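Student: Below is the file target-v9.cif, with mmCIF, C-alpha atoms and all ligand atoms.
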```cif
data_coords
loop_
_atom_site.label_atom_id
_atom_site.label_comp_id
_atom_site.auth_asym_id
_atom_site.auth_seq_id
_atom_site.Cartn_x
_atom_site.Cartn_y
_atom_site.Cartn_z
CA MET A 8 0.00 0.00 0.00
CA ALA A 9 1.32 3.39 -0.99
CA PHE A 10 -1.18 6.06 -0.11
CA LYS A 11 -0.49 9.46 -1.62
CA LYS A 12 -1.98 12.78 -0.51
CA VAL A 13 -4.28 14.16 -3.20
CA CYS A 14 -6.00 17.15 -1.57
CA THR A 15 -7.77 18.23 1.61
CA LEU A 16 -11.43 17.89 2.62
CA ASP A 17 -11.67 21.67 2.14
CA ASP A 18 -10.91 21.18 -1.56
CA LEU A 19 -13.87 18.84 -2.04
CA TRP A 20 -17.18 19.88 -0.58
CA GLU A 21 -20.14 17.55 -0.22
CA GLY A 22 -21.71 16.96 -3.64
CA GLU A 23 -18.58 18.06 -5.51
CA MET A 24 -16.15 16.15 -7.70
CA GLU A 25 -12.62 16.83 -8.89
CA SER A 26 -10.10 15.00 -11.02
CA TYR A 27 -6.41 14.62 -10.17
CA SER A 28 -3.41 12.94 -11.71
CA VAL A 29 -2.01 10.53 -9.13
CA ASN A 30 1.03 8.38 -9.94
CA GLY A 31 0.29 8.86 -13.64
CA GLN A 32 -3.35 7.80 -13.33
CA GLU A 33 -6.39 10.06 -13.67
CA VAL A 34 -8.34 9.74 -10.42
CA LEU A 35 -11.84 11.13 -9.87
CA LEU A 36 -12.66 12.12 -6.29
CA LEU A 37 -16.31 12.36 -5.29
CA SER A 38 -17.73 13.74 -2.07
CA LEU A 39 -21.00 11.89 -1.69
CA GLU A 40 -24.18 13.15 -0.11
CA GLY A 41 -23.42 12.69 3.59
CA GLY A 42 -19.72 13.43 3.15
CA ASP A 43 -18.16 10.04 2.31
CA ILE A 44 -15.30 10.25 -0.16
CA ARG A 45 -14.84 7.88 -3.11
CA ALA A 46 -12.04 7.62 -5.66
CA TYR A 47 -12.62 6.11 -9.11
CA GLN A 48 -10.91 5.97 -12.45
CA GLY A 49 -11.08 9.42 -14.01
CA MET A 50 -11.83 8.22 -17.53
CA CYS A 51 -15.20 6.85 -18.58
CA PRO A 52 -15.12 3.05 -19.14
CA HIS A 53 -16.92 3.61 -22.47
CA GLN A 54 -14.48 5.93 -24.26
CA ASP A 55 -11.66 8.29 -23.33
CA ILE A 56 -13.77 11.05 -21.83
CA LEU A 57 -12.97 12.66 -18.49
CA LEU A 58 -15.78 11.89 -16.05
CA VAL A 59 -15.19 15.18 -14.23
CA GLU A 60 -16.67 16.91 -17.30
CA GLY A 61 -19.99 15.19 -16.58
CA GLN A 62 -22.59 15.78 -13.88
CA PHE A 63 -22.63 14.70 -10.24
CA ASP A 64 -25.44 15.29 -7.76
CA GLY A 65 -23.99 13.58 -4.69
CA LYS A 66 -25.55 10.22 -5.60
CA SER A 67 -24.99 9.49 -9.25
CA LEU A 68 -22.44 10.42 -11.86
CA ILE A 69 -23.34 11.00 -15.52
CA CYS A 70 -20.78 11.01 -18.32
CA ARG A 71 -21.18 14.01 -20.60
CA ALA A 72 -20.54 12.12 -23.82
CA HIS A 73 -23.25 9.45 -24.01
CA GLN A 74 -24.94 9.88 -20.61
CA TRP A 75 -23.83 6.63 -19.02
CA VAL A 76 -24.91 6.75 -15.37
CA PHE A 77 -22.94 5.35 -12.41
CA ASP A 78 -23.84 4.83 -8.76
CA ALA A 79 -21.42 7.18 -6.98
CA LYS A 80 -21.38 5.02 -3.84
CA THR A 81 -20.27 1.81 -5.57
CA GLY A 82 -18.99 2.82 -9.02
CA THR A 83 -21.40 0.33 -10.58
CA GLY A 84 -23.14 1.19 -13.83
CA ILE A 85 -26.85 2.05 -13.54
CA ASN A 86 -27.41 2.67 -17.24
CA PRO A 87 -26.02 0.60 -18.78
CA ASP A 88 -25.80 -1.83 -15.85
CA ASP A 89 -22.96 -3.97 -17.23
CA CYS A 90 -20.11 -1.54 -16.59
CA GLN A 91 -18.04 -0.63 -13.57
CA LEU A 92 -15.59 2.04 -12.48
CA ALA A 93 -12.30 0.90 -10.98
CA LYS A 94 -12.18 2.01 -7.36
CA TYR A 95 -9.14 3.27 -5.45
CA PRO A 96 -8.72 2.84 -1.69
CA VAL A 97 -9.19 6.16 0.15
CA ARG A 98 -7.85 7.20 3.54
CA ILE A 99 -8.66 10.41 5.42
CA GLU A 100 -6.11 11.69 7.92
CA ASN A 101 -6.07 15.11 9.57
CA GLU A 102 -8.58 16.48 7.02
CA GLU A 103 -6.36 15.29 4.16
CA ILE A 104 -7.45 12.83 1.47
CA PHE A 105 -5.04 10.05 0.47
CA VAL A 106 -5.49 7.58 -2.40
CA ASP A 107 -3.63 4.36 -3.20
CA THR A 108 -3.31 3.65 -6.93
CA GLU A 109 -1.14 0.56 -6.55
CA GLY A 110 -2.52 -2.43 -8.42
CA VAL A 111 -5.67 -0.64 -9.60
CA VAL A 112 -6.25 -0.66 -13.34
CA PRO A 113 -8.96 1.44 -15.05
CA LEU A 114 -11.73 -0.69 -16.56
CA PHE A 115 -13.09 -0.35 -20.06
CA THR A 116 -16.28 -1.83 -21.43
CA PRO A 117 -16.21 -3.24 -24.95
CA VAL A 118 -19.15 -2.11 -27.07
S1 LIG B 1 -17.67 8.15 -23.19
FE1 LIG B 1 -18.76 8.15 -21.33
S2 LIG B 1 -20.70 7.41 -21.92
FE2 LIG B 1 -19.59 7.34 -23.76
#
```
For the file at hand, write its structure as structure tokens.

Tutor:
Amino acid sequence: MAFKKVCTLDDLWEGEMESYSVNGQEVLLLSLEGGDIRAYQGMCPHQDILLVEGQFDGKSLICRAHQWVFDAKTGTGINPDDCQLAKYPVRIENEEIFVDTEGVVPLFTPV
């Protein structure tokens, strides 16, 4: 495990998302409704579109290109339901957000 500091909780308010390059990988941070933090692959599993350019309402994430919808809590596809976002382990320490990218590979869905 090699957690790396990405930002602070002040940088990511509830209901917000931001994308960061961490160890050469694009990582999307989401602050869910209720304040939990999730980290997923930053690129859509459909095509090479940055998910941060889409919409996020604290519960679901919608890609701007073809409107694929993901459950923000699990990273599982809602529409279509046969896709998944790769998830990175997150650790919060002293109001700082750390992510571990080791061994996590972004997923892509063949169409
Ligand atoms: S690139 Fe995201 S839905 Fe097509």

Student: Quote the spacing between CA of Cys51 (chain A) and CA of Phe10 (chain A) in Å to one decimal place.

Tutor: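 Distance between the two atoms: 23.2 Å.
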
Student: Using all atoms listed in the file, find the one residue out of A:Val76, A:Ile85, A:Cys70, A:Ile99 that sits nearest to ligand LIG 1 (chain B).

Tutor: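 Under the stated criterion, the closest residue is A:Cys70.
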
Student: What gap, in Å, lies between CA of Gly82 (chain A) and CA of Asn101 (chain A)?

Tutor: 25.8 Å

Student: Throw together the list of residues within 8 Å of ligand LIG 1 (chain B), counting all atoms listed in the file, and drop it here as a list in words.

Tutor: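 The residues near ligand LIG 1 (chain B) are Met50, Cys51, Pro52, His53, Gln54, Asp55, Ile56, Leu57, Leu58, Ile69, Cys70, Arg71, Ala72, His73, Gln74, Trp75 and Val76 of chain A.
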
Student: When you draw a straight line from CA of Leu35 (chain A) to CA of Gln48 (chain A), how long is it in Å?

Tutor: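 That distance, rounded to one decimal, is 5.8 Å.
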
Student: Report as a count of residues only all protein, DNA and RNA residues lying within 10 Å of Leu36 (chain A), evaluated on all atoms listed in the file, omitting residues in the same chain fewer than 4 positions from it.

Tutor: 19

Student: Measuring between all atoms listed in the file, which one of A:Val111, A:Leu39, A:Ala79, A:Leu16 shows the shortest distance to Arg98 (chain A)?

Tutor: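 Of the candidates, the smallest distance to Arg98 (chain A) is held by A:Leu16.
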
Student: Residues around (-28.8, 12.6, -9.0), cut-off 12 Å, counting all atoms listed in the file - what are they as a ChimeraX atom specification?

Tutor: /A:22,39-40,61-69,76-80,85

Student: Tell me which of A:Glu33, A:Thr116, A:Glu103, A:Gly110 sits closest to Lys12 (chain A), counting only C-alpha atoms.

Tutor: A:Glu103

Student: Nearest to Thr83 (chain A): which of A:Glu100, A:Thr108, A:Ser38, A:Leu114 is it, counting only C-alpha atoms?

Tutor: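 Among the listed residues, the smallest separation from Thr83 (chain A) belongs to A:Leu114.
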
Student: For Leu92 (chain A), which residue among A:Gly41, A:Phe105, A:Thr15, A:Val112 is the nearest when counting all atoms listed in the file?

Tutor: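 Smallest separation from Leu92 (chain A) among the options: A:Val112.
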